[in-house]
Every structure is written in C-alpha cells, then in structure tokens.
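Have a look at final_28.txt; it's compact mmCIF, C-alpha atoms:
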```
# COMPACT_ATOMS: atom_id res chain seq x y z
CA MET S 1 10.91 -45.72 45.46
CA ILE S 2 10.13 -46.44 49.13
CA LYS S 3 10.68 -50.16 48.56
CA SER S 4 14.10 -49.53 46.99
CA ILE S 5 15.17 -47.35 49.90
CA THR S 6 13.95 -49.90 52.44
CA GLU S 7 15.79 -52.71 50.66
CA ALA S 8 18.98 -50.63 50.60
CA ILE S 9 18.65 -49.96 54.33
CA ASP S 10 18.16 -53.67 55.04
CA LYS S 11 21.08 -54.60 52.79
CA ASN S 12 23.39 -52.27 54.70
CA GLN S 13 22.03 -53.52 58.05
CA ILE S 14 20.99 -50.04 59.17
CA PRO S 15 18.45 -50.16 62.03
CA LEU S 16 15.14 -48.70 60.87
CA ARG S 17 13.03 -47.41 63.75
CA GLU S 18 10.12 -46.11 61.70
CA SER S 19 8.93 -45.49 58.15
CA LEU S 20 5.98 -43.14 57.63
CA ILE S 21 3.99 -42.12 54.59
CA VAL S 22 2.08 -38.83 54.59
CA HIS S 23 -0.56 -38.03 51.99
CA ALA S 24 -3.62 -35.77 51.74
CA GLY S 25 -3.50 -34.75 55.38
CA ARG S 26 -3.20 -38.32 56.71
CA TRP S 27 -0.30 -40.50 57.81
CA ARG S 28 0.40 -44.16 58.49
CA SER S 29 3.32 -46.35 59.39
CA LEU S 30 4.75 -48.77 56.85
CA ILE S 31 6.20 -50.86 59.67
CA CYS S 32 3.38 -51.09 62.21
CA GLU S 33 1.02 -54.00 61.47
CA ASP S 34 -1.54 -53.11 64.15
CA ARG S 35 -4.59 -51.98 62.18
CA GLU S 36 -6.06 -50.22 65.21
CA CYS S 37 -2.90 -48.22 65.72
CA CYS S 38 -2.17 -47.67 62.03
CA PRO S 39 -5.30 -48.23 59.88
CA PRO S 40 -4.71 -48.67 56.12
CA GLU S 41 -6.45 -45.38 55.35
CA GLY S 42 -4.10 -43.59 57.73
CA SER S 43 -4.74 -41.25 60.64
CA PRO S 44 -5.39 -37.49 60.45
CA MET S 45 -2.30 -35.32 60.76
CA PRO S 46 -2.21 -33.44 64.08
CA ALA S 47 -2.28 -29.65 64.13
CA LEU S 48 1.29 -28.57 63.42
CA GLU S 49 1.54 -26.18 66.36
CA GLN S 50 0.56 -29.02 68.71
CA SER S 51 2.94 -31.60 67.26
CA ARG S 52 6.17 -32.97 68.70
CA ILE S 53 8.03 -31.61 65.66
CA ALA S 54 6.95 -28.06 66.47
CA ALA S 55 7.86 -28.50 70.14
CA GLU S 56 11.34 -29.76 69.25
CA GLN S 57 11.88 -26.89 66.80
CA VAL S 58 10.85 -24.26 69.34
CA ALA S 59 12.98 -25.89 72.05
CA ALA S 60 15.95 -25.68 69.69
CA GLY S 61 15.30 -21.97 69.14
CA LYS S 62 14.01 -22.44 65.59
CA PRO S 63 10.75 -21.24 64.04
CA ILE S 64 7.77 -23.58 63.79
CA PRO S 65 7.93 -25.55 60.51
CA PHE S 66 5.88 -24.15 57.64
CA GLU S 67 2.67 -25.94 56.71
CA SER S 68 3.03 -25.08 53.01
CA VAL S 69 5.42 -23.62 50.45
CA LYS S 70 3.23 -20.52 50.29
CA GLU S 71 3.61 -19.99 54.02
CA MET S 72 7.39 -20.34 53.60
CA VAL S 73 7.45 -17.79 50.77
CA ASP S 74 5.24 -15.40 52.75
CA SER S 75 7.69 -15.58 55.67
CA ILE S 76 10.29 -13.70 53.61
CA ALA S 77 7.94 -11.61 51.45
CA ALA S 78 8.40 -7.85 51.27
CA THR S 79 6.47 -5.56 53.56
CA PRO S 80 5.27 -2.08 52.45
CA ASP S 81 8.11 0.40 52.03
CA ASP S 82 8.98 2.57 55.02
CA GLY S 83 9.16 6.17 53.84
CA GLU S 84 11.59 7.25 56.56
CA LEU S 85 13.90 4.34 55.78
CA LEU S 86 13.80 5.22 52.08
CA ASP S 87 14.77 8.81 52.90
CA PHE S 88 17.80 7.61 54.86
CA ILE S 89 18.75 5.24 52.01
CA HIS S 90 18.58 7.98 49.39
CA THR S 91 20.78 10.30 51.46
CA THR S 92 23.44 7.66 52.20
CA GLU S 93 26.63 8.06 50.20
CA VAL S 94 27.22 5.25 47.70
CA ILE S 95 30.69 3.73 47.33
CA ASN S 96 32.39 5.18 44.24
CA ASP S 97 34.84 2.86 42.50
CA GLN S 98 36.66 5.88 41.12
CA GLU S 99 37.80 6.79 44.64
CA ASP S 100 39.43 4.82 47.45
CA PRO S 101 36.58 2.51 48.57
CA ILE S 102 38.21 1.25 51.76
CA PRO S 103 36.93 3.93 54.19
CA LEU S 104 33.30 3.44 53.14
CA GLN S 105 33.71 -0.35 52.97
CA ARG S 106 35.13 -0.28 56.50
CA GLN S 107 32.16 1.85 57.55
CA GLY S 108 29.87 -0.77 56.03
CA ALA S 109 31.55 -3.61 57.91
CA GLU S 110 31.30 -1.70 61.18
CA ALA S 111 27.63 -0.95 60.46
CA ILE S 112 26.96 -4.68 60.03
CA ILE S 113 28.63 -5.43 63.37
CA ASP S 114 26.47 -2.77 65.07
CA PHE S 115 23.32 -3.98 63.30
CA ILE S 116 23.84 -7.59 64.39
CA ALA S 117 24.65 -6.47 67.94
CA ASP S 118 21.37 -4.52 68.10
CA PHE S 119 19.47 -7.45 66.66
CA ALA S 120 20.97 -9.89 69.14
CA VAL S 121 19.60 -7.76 72.00
CA GLU S 122 16.15 -6.80 70.72
CA GLY S 123 15.35 -9.06 67.78
CA LEU S 124 15.22 -6.04 65.48
CA CYS S 125 17.09 -2.82 64.79
CA ARG S 126 15.26 0.40 65.69
CA ASP S 127 17.94 2.68 64.20
CA LYS S 128 16.62 3.26 60.68
CA LYS S 129 19.67 5.28 59.73
CA LEU S 130 21.86 2.29 60.62
CA VAL S 131 19.55 -0.06 58.71
CA ALA S 132 19.77 2.21 55.66
CA LEU S 133 23.56 2.31 55.91
CA VAL S 134 23.71 -1.51 56.03
CA LEU S 135 21.44 -1.87 52.99
CA VAL S 136 23.42 0.64 50.92
CA ARG S 137 26.83 -0.71 51.92
CA LEU S 138 25.79 -4.32 51.18
CA LEU S 139 25.59 -3.33 47.52
CA ASP S 140 29.39 -3.42 47.66
CA LEU S 141 30.67 -6.97 47.13
CA GLN S 142 33.49 -6.62 49.64
CA VAL S 143 31.07 -5.54 52.36
CA ARG S 144 28.64 -8.31 51.45
CA ASP S 145 31.43 -10.87 51.64
CA PHE S 146 32.46 -9.48 55.01
CA ALA S 147 28.89 -10.07 56.20
CA LEU S 148 28.90 -13.56 54.68
CA GLY S 149 32.06 -14.52 56.54
CA SER S 150 31.12 -12.98 59.87
CA VAL S 151 28.77 -15.83 60.77
CA THR S 152 29.93 -18.43 63.30
CA SER S 153 28.32 -21.58 64.64
CA GLU S 154 27.47 -19.63 67.82
CA THR S 155 25.87 -16.68 66.00
CA ILE S 156 24.25 -18.35 62.98
CA ASP S 157 20.74 -18.26 64.48
CA THR S 158 21.06 -14.53 65.16
CA TYR S 159 22.29 -13.86 61.63
CA PHE S 160 19.49 -16.00 60.18
CA SER S 161 16.83 -14.01 62.04
CA ALA S 162 18.54 -10.70 61.27
CA TRP S 163 18.83 -11.29 57.52
CA ARG S 164 15.27 -12.58 57.32
CA TRP S 165 14.00 -9.47 59.12
CA LEU S 166 16.10 -7.19 56.92
CA LEU S 167 14.99 -8.97 53.74
CA LYS S 168 11.34 -8.28 54.52
CA ILE S 169 11.88 -4.51 54.82
CA ALA S 170 14.51 -4.08 52.08
CA PRO S 171 13.16 -1.94 49.22
CA ASP S 172 13.57 -2.84 45.55
CA GLY S 173 17.16 -2.56 44.40
CA TYR S 174 18.55 -3.54 47.81
CA VAL S 175 17.09 -7.05 48.11
CA ALA S 176 19.59 -9.28 46.28
CA PRO S 177 22.57 -8.97 48.69
CA VAL S 178 20.39 -9.57 51.76
CA ALA S 179 18.55 -12.45 50.08
CA THR S 180 21.81 -14.24 49.25
CA LEU S 181 23.08 -13.74 52.81
CA LEU S 182 19.87 -15.25 54.16
CA ALA S 183 20.11 -18.11 51.65
CA ALA S 184 23.65 -18.91 52.80
CA VAL S 185 22.82 -19.12 56.52
CA ALA S 186 19.56 -20.98 55.82
CA TYR S 187 21.50 -23.60 53.86
CA GLU S 188 24.06 -23.98 56.62
CA ARG S 189 21.22 -24.50 59.11
CA GLY S 190 19.90 -27.33 56.95
CA ASP S 191 16.97 -25.39 55.49
CA GLY S 192 17.63 -25.82 51.79
CA ALA S 193 14.02 -25.14 50.77
CA LEU S 194 14.01 -21.68 52.37
CA ALA S 195 17.47 -21.02 50.95
CA HIS S 196 16.16 -21.53 47.42
CA ARG S 197 13.12 -19.33 48.08
CA ALA S 198 15.44 -16.58 49.28
CA LEU S 199 17.38 -16.90 46.03
CA ASP S 200 14.10 -16.53 44.15
CA ARG S 201 13.70 -13.10 45.74
CA ALA S 202 17.25 -12.20 44.74
CA ASP S 203 16.49 -13.19 41.15
CA VAL S 204 13.43 -10.95 41.03
CA ASP S 205 15.38 -8.01 42.44
CA ASP S 206 18.43 -8.44 40.20
CA PRO S 207 18.44 -11.24 37.59
CA ASP S 208 22.14 -10.62 36.91
CA TYR S 209 23.34 -10.83 40.51
CA ALA S 210 26.25 -13.28 40.24
CA MET S 211 26.12 -14.61 43.79
CA THR S 212 22.61 -15.96 43.23
CA GLY S 213 23.70 -18.31 40.46
CA LEU S 214 26.78 -19.39 42.39
CA LEU S 215 24.76 -20.29 45.47
CA ARG S 216 22.18 -22.19 43.41
CA GLN S 217 24.99 -24.33 41.99
CA VAL S 218 26.36 -24.96 45.49
CA PHE S 219 22.96 -25.86 46.94
CA SER S 220 21.88 -28.01 44.00
CA SER S 221 25.16 -29.95 44.03
CA GLY S 222 24.48 -31.09 47.58
CA TRP S 223 27.70 -29.55 48.83
CA ALA S 224 27.91 -30.20 52.58
CA PRO S 225 26.97 -27.14 54.66
CA GLN S 226 30.06 -27.77 56.78
CA SER S 227 32.27 -27.40 53.70
CA PHE S 228 30.54 -24.15 52.78
CA ALA S 229 31.09 -22.84 56.29
CA ALA S 230 34.77 -23.85 56.17
CA MET S 231 35.23 -21.96 52.90
CA ARG S 232 33.71 -18.82 54.40
CA ALA S 233 35.87 -19.11 57.50
CA GLU S 234 38.98 -19.36 55.32
CA LEU S 235 38.13 -16.30 53.22
CA HIS S 236 36.95 -14.03 56.03
CA PRO S 237 40.36 -13.16 57.54
CA ARG S 238 41.55 -11.98 54.11
CA ILE S 239 38.62 -9.60 53.84
CA CYS S 240 39.27 -8.31 57.36
CA ASP S 241 42.92 -7.75 56.49
CA SER S 242 41.86 -5.78 53.41
CA LEU S 243 39.42 -3.59 55.30
CA PHE S 244 41.09 -3.26 58.69
CA SER S 245 44.71 -4.32 58.19
CA GLY S 246 44.06 -7.24 60.54
CA THR S 247 43.02 -5.03 63.45
CA ILE S 248 39.49 -6.36 63.88
CA ASN S 249 38.18 -9.67 65.16
CA ALA S 250 34.66 -9.99 63.72
```

The structure given in the file should be rewritten as structure tokens.
Amino acid sequence: MIKSITEAIDKNQIPLRESLIVHAGRWRSLICEDRECCPPEGSPMPALEQSRIAAEQVAAGKPIPFESVKEMVDSIAATPDDGELLDFIHTTEVINDQEDPIPLQRQGAEAIIDFIADFAVEGLCRDKKLVALVLVRLLDLQVRDFALGSVTSETIDTYFSAWRWLLKIAPDGYVAPVATLLAAVAYERGDGALAHRALDRADVDDPDYAMTGLLRQVFSSGWAPQSFAAMRAELHPRICDSLFSGTINA
C-alpha cells in the first residue's frame, strides 16, 4: 500500500518531504537512510502533550489530539444527569404541530443565539433554564436546521465547543439533535473520526433519527466539507425568512 502511494507520488512528480511509519508506539522514516537517526526498529513515540503536533493544535485553538479512539469517545460521553436541568426541561413547553409552531420555533432560534453568545464569552452556559430551552427546542427540525445553518467560518470553533459541551450534559431523549450538530461542525473542521463518533451517540439516543443516516452518507462519500458548508449557507436564509420574515441576521 505504502509502495503504491509512493510510486504514484513519484509518477506525478509531487515533492515528498517525508514518509513516516508508526507502529506499536514507535516510528521511523521511510526516506531517511541514516541508521543512527532512524534505526530500523524505529524510535519511541514522544509524549503527545510534548509533541510538535500538540503545540500546533493548541496554537490553532484546537484541542490536543486524542491518543486513542476510547479517549475520543470519552470526550463526548454523557455526564451524570443534572436534576435542576431536568426539572427545567420537563417544565418547558413542547412545540405542538397542531398549533402554529412559528412563535415557539422563533423562541428556539433566539435561545440558540443567546446560548452561543454566552458560550463565546465564558466557554459554557450557566443559565440552566436557557440550556433546557435549547435542548427542548432542538427537537424541532426547523430549529435544529436553524442551528445547523448559523455556523460561519469565523464562529465554527465556538459552535464546535458549544455543541460538544451541550452533548455531554444532554439527557436521554435530547441527545440526537445535538450530536448531529456536533458531527456537522466536526466534519467541516476536518475531524471526520469525531464526527462519526458523535453520530454513534445519536444512533443510541434515537435509532430512527433521519439526520444521522443522511450525515453518515455525506461523510462516507467523502463530500468536501466546503461543499457541505456552502449547502448550509444556501439553506439558512430560507429558514430565517420562515421564522423571522427576513428580519434577523444570524
């Protein structure tokens, strides 16, 4: 496999600066012929938190890379339920399709804007009533799609952190919408592995949640993140028009 890739690179005259193989906690260069620099048995991998990769990630405002799939999964695992948050959730009015949904959908969109604004300042949202309102309103597909389209290239890191934080505290029955929102922004940031793990949580919460299957198809097809972002940007104004008659710029 490596030989085929190398031959293809040479054939297309693409400059190859380095080629590394990592196995069983050791690494070695496939290009370097200096046995002292790159012994055949490889060199021990450095501690991740002390590596150049970690430094570059932190400098770019991204979390330190995970050392294992388990660590990745644990990073979005549920935390124990918050009783006060559950009380607020259970007393929040649910959108009724038999009545005009727009006022409560608009309330949901505004709650998302407030939630993200709080998160951008403090890295969390202390208002549990607002958090509960966001979780309940995201059960509505129109509100979820508003949240999906609200992300921009300037705010994507904030949304990523916010959805990951919210996913960890979301109780059963409220996980799937948040998990798919996190999956979408993770994919756009180039983190396909975490995106799929987020979808795993959505599947557990609601095996019939349609967005989960749709996103898996998108991610597995290798659809360019830029194309996905462009699609969201095109749909978002229509949702805003539906909820706010074009009077909001989210």

(request) Up to 12 Å from (19.6, -12.6, 46.4) in the file's coordinates: name the residues, counting only C-alpha atoms, as a PyMOL selection string. (result) chain S and resi 76+138-139+144+163-164+167+170+172-184+195-216

(message) Using only C-alpha atoms for the distances, tell me which of S:Val121, S:Leu30, S:Val94, S:Ile112 is nearest to S:Asp140.
(response) S:Val94

(message) Give me the residues near S:Phe244 as a ChimeraX atom specification, where near means some atom within 12 Å (using all atoms listed in the file) and where sequence neighbours in that chain fewer than 4 positions away do not count.
(response) /S:102-110,146,236-240,248-250

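Between atom CA of S:Leu130 and atom CA of S:Tyr187 there is a distance of 26.8 Å.
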
(request) Could you please determine the separation between atom CA of S:Asp34 and atom CA of S:Asn12 in Å, to one decimal place? (result)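 Spanning atom CA of S:Asp34 to atom CA of S:Asn12 is a straight-line distance of 26.7 Å.
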
Write out N, CA and C atoms for stretch 29-47 of chain S, as a PDB file, in the coordinates of the input.
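Below is the file that was written, rebuild-v2.pdb:
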```pdb
ATOM      1  N   SER S  29       2.025 -45.694  59.309  1.00  0.00           N
ATOM      2  CA  SER S  29       3.320 -46.350  59.390  1.00  0.00           C
ATOM      3  C   SER S  29       3.385 -47.496  58.384  1.00  0.00           C
ATOM      4  N   LEU S  30       4.532 -47.653  57.762  1.00  0.00           N
ATOM      5  CA  LEU S  30       4.750 -48.770  56.850  1.00  0.00           C
ATOM      6  C   LEU S  30       5.340 -49.975  57.584  1.00  0.00           C
ATOM      7  N   ILE S  31       5.610 -49.793  58.868  1.00  0.00           N
ATOM      8  CA  ILE S  31       6.200 -50.860  59.670  1.00  0.00           C
ATOM      9  C   ILE S  31       5.174 -51.475  60.621  1.00  0.00           C
ATOM     10  N   CYS S  32       4.369 -50.622  61.234  1.00  0.00           N
ATOM     11  CA  CYS S  32       3.380 -51.090  62.210  1.00  0.00           C
ATOM     12  C   CYS S  32       2.299 -51.926  61.507  1.00  0.00           C
ATOM     13  N   GLU S  33       2.026 -53.116  62.044  1.00  0.00           N
ATOM     14  CA  GLU S  33       1.020 -54.000  61.470  1.00  0.00           C
ATOM     15  C   GLU S  33      -0.270 -54.027  62.280  1.00  0.00           C
ATOM     16  N   ASP S  34      -0.347 -53.206  63.317  1.00  0.00           N
ATOM     17  CA  ASP S  34      -1.540 -53.110  64.150  1.00  0.00           C
ATOM     18  C   ASP S  34      -2.546 -52.192  63.456  1.00  0.00           C
ATOM     19  N   ARG S  35      -3.629 -52.765  62.942  1.00  0.00           N
ATOM     20  CA  ARG S  35      -4.590 -51.980  62.180  1.00  0.00           C
ATOM     21  C   ARG S  35      -5.322 -50.948  63.043  1.00  0.00           C
ATOM     22  N   GLU S  36      -5.435 -51.200  64.334  1.00  0.00           N
ATOM     23  CA  GLU S  36      -6.060 -50.220  65.210  1.00  0.00           C
ATOM     24  C   GLU S  36      -5.146 -49.022  65.424  1.00  0.00           C
ATOM     25  N   CYS S  37      -3.876 -49.298  65.538  1.00  0.00           N
ATOM     26  CA  CYS S  37      -2.900 -48.220  65.720  1.00  0.00           C
ATOM     27  C   CYS S  37      -2.656 -47.477  64.412  1.00  0.00           C
ATOM     28  N   CYS S  38      -2.506 -48.253  63.332  1.00  0.00           N
ATOM     29  CA  CYS S  38      -2.170 -47.670  62.030  1.00  0.00           C
ATOM     30  C   CYS S  38      -3.114 -48.233  60.967  1.00  0.00           C
ATOM     31  N   PRO S  39      -4.348 -47.722  60.876  1.00  0.00           N
ATOM     32  CA  PRO S  39      -5.300 -48.230  59.880  1.00  0.00           C
ATOM     33  C   PRO S  39      -4.795 -47.967  58.468  1.00  0.00           C
ATOM     34  N   PRO S  40      -5.183 -48.814  57.507  1.00  0.00           N
ATOM     35  CA  PRO S  40      -4.710 -48.670  56.120  1.00  0.00           C
ATOM     36  C   PRO S  40      -4.988 -47.303  55.520  1.00  0.00           C
ATOM     37  N   GLU S  41      -6.126 -46.692  55.909  1.00  0.00           N
ATOM     38  CA  GLU S  41      -6.450 -45.380  55.350  1.00  0.00           C
ATOM     39  C   GLU S  41      -5.656 -44.249  56.004  1.00  0.00           C
ATOM     40  N   GLY S  42      -4.908 -44.592  57.046  1.00  0.00           N
ATOM     41  CA  GLY S  42      -4.100 -43.590  57.730  1.00  0.00           C
ATOM     42  C   GLY S  42      -4.858 -42.848  58.798  1.00  0.00           C
ATOM     43  N   SER S  43      -4.148 -42.056  59.567  1.00  0.00           N
ATOM     44  CA  SER S  43      -4.740 -41.250  60.640  1.00  0.00           C
ATOM     45  C   SER S  43      -4.583 -39.776  60.289  1.00  0.00           C
ATOM     46  N   PRO S  44      -5.501 -38.922  60.745  1.00  0.00           N
ATOM     47  CA  PRO S  44      -5.390 -37.490  60.450  1.00  0.00           C
ATOM     48  C   PRO S  44      -4.107 -36.892  61.019  1.00  0.00           C
ATOM     49  N   MET S  45      -3.488 -36.012  60.260  1.00  0.00           N
ATOM     50  CA  MET S  45      -2.300 -35.320  60.760  1.00  0.00           C
ATOM     51  C   MET S  45      -2.696 -34.405  61.919  1.00  0.00           C
ATOM     52  N   PRO S  46      -1.903 -34.357  62.975  1.00  0.00           N
ATOM     53  CA  PRO S  46      -2.210 -33.440  64.080  1.00  0.00           C
ATOM     54  C   PRO S  46      -1.950 -32.004  63.672  1.00  0.00           C
ATOM     55  N   ALA S  47      -2.559 -31.062  64.373  1.00  0.00           N
ATOM     56  CA  ALA S  47      -2.280 -29.650  64.130  1.00  0.00           C
ATOM     57  C   ALA S  47      -0.790 -29.402  64.336  1.00  0.00           C
TER      58      ALA S  47
END
```
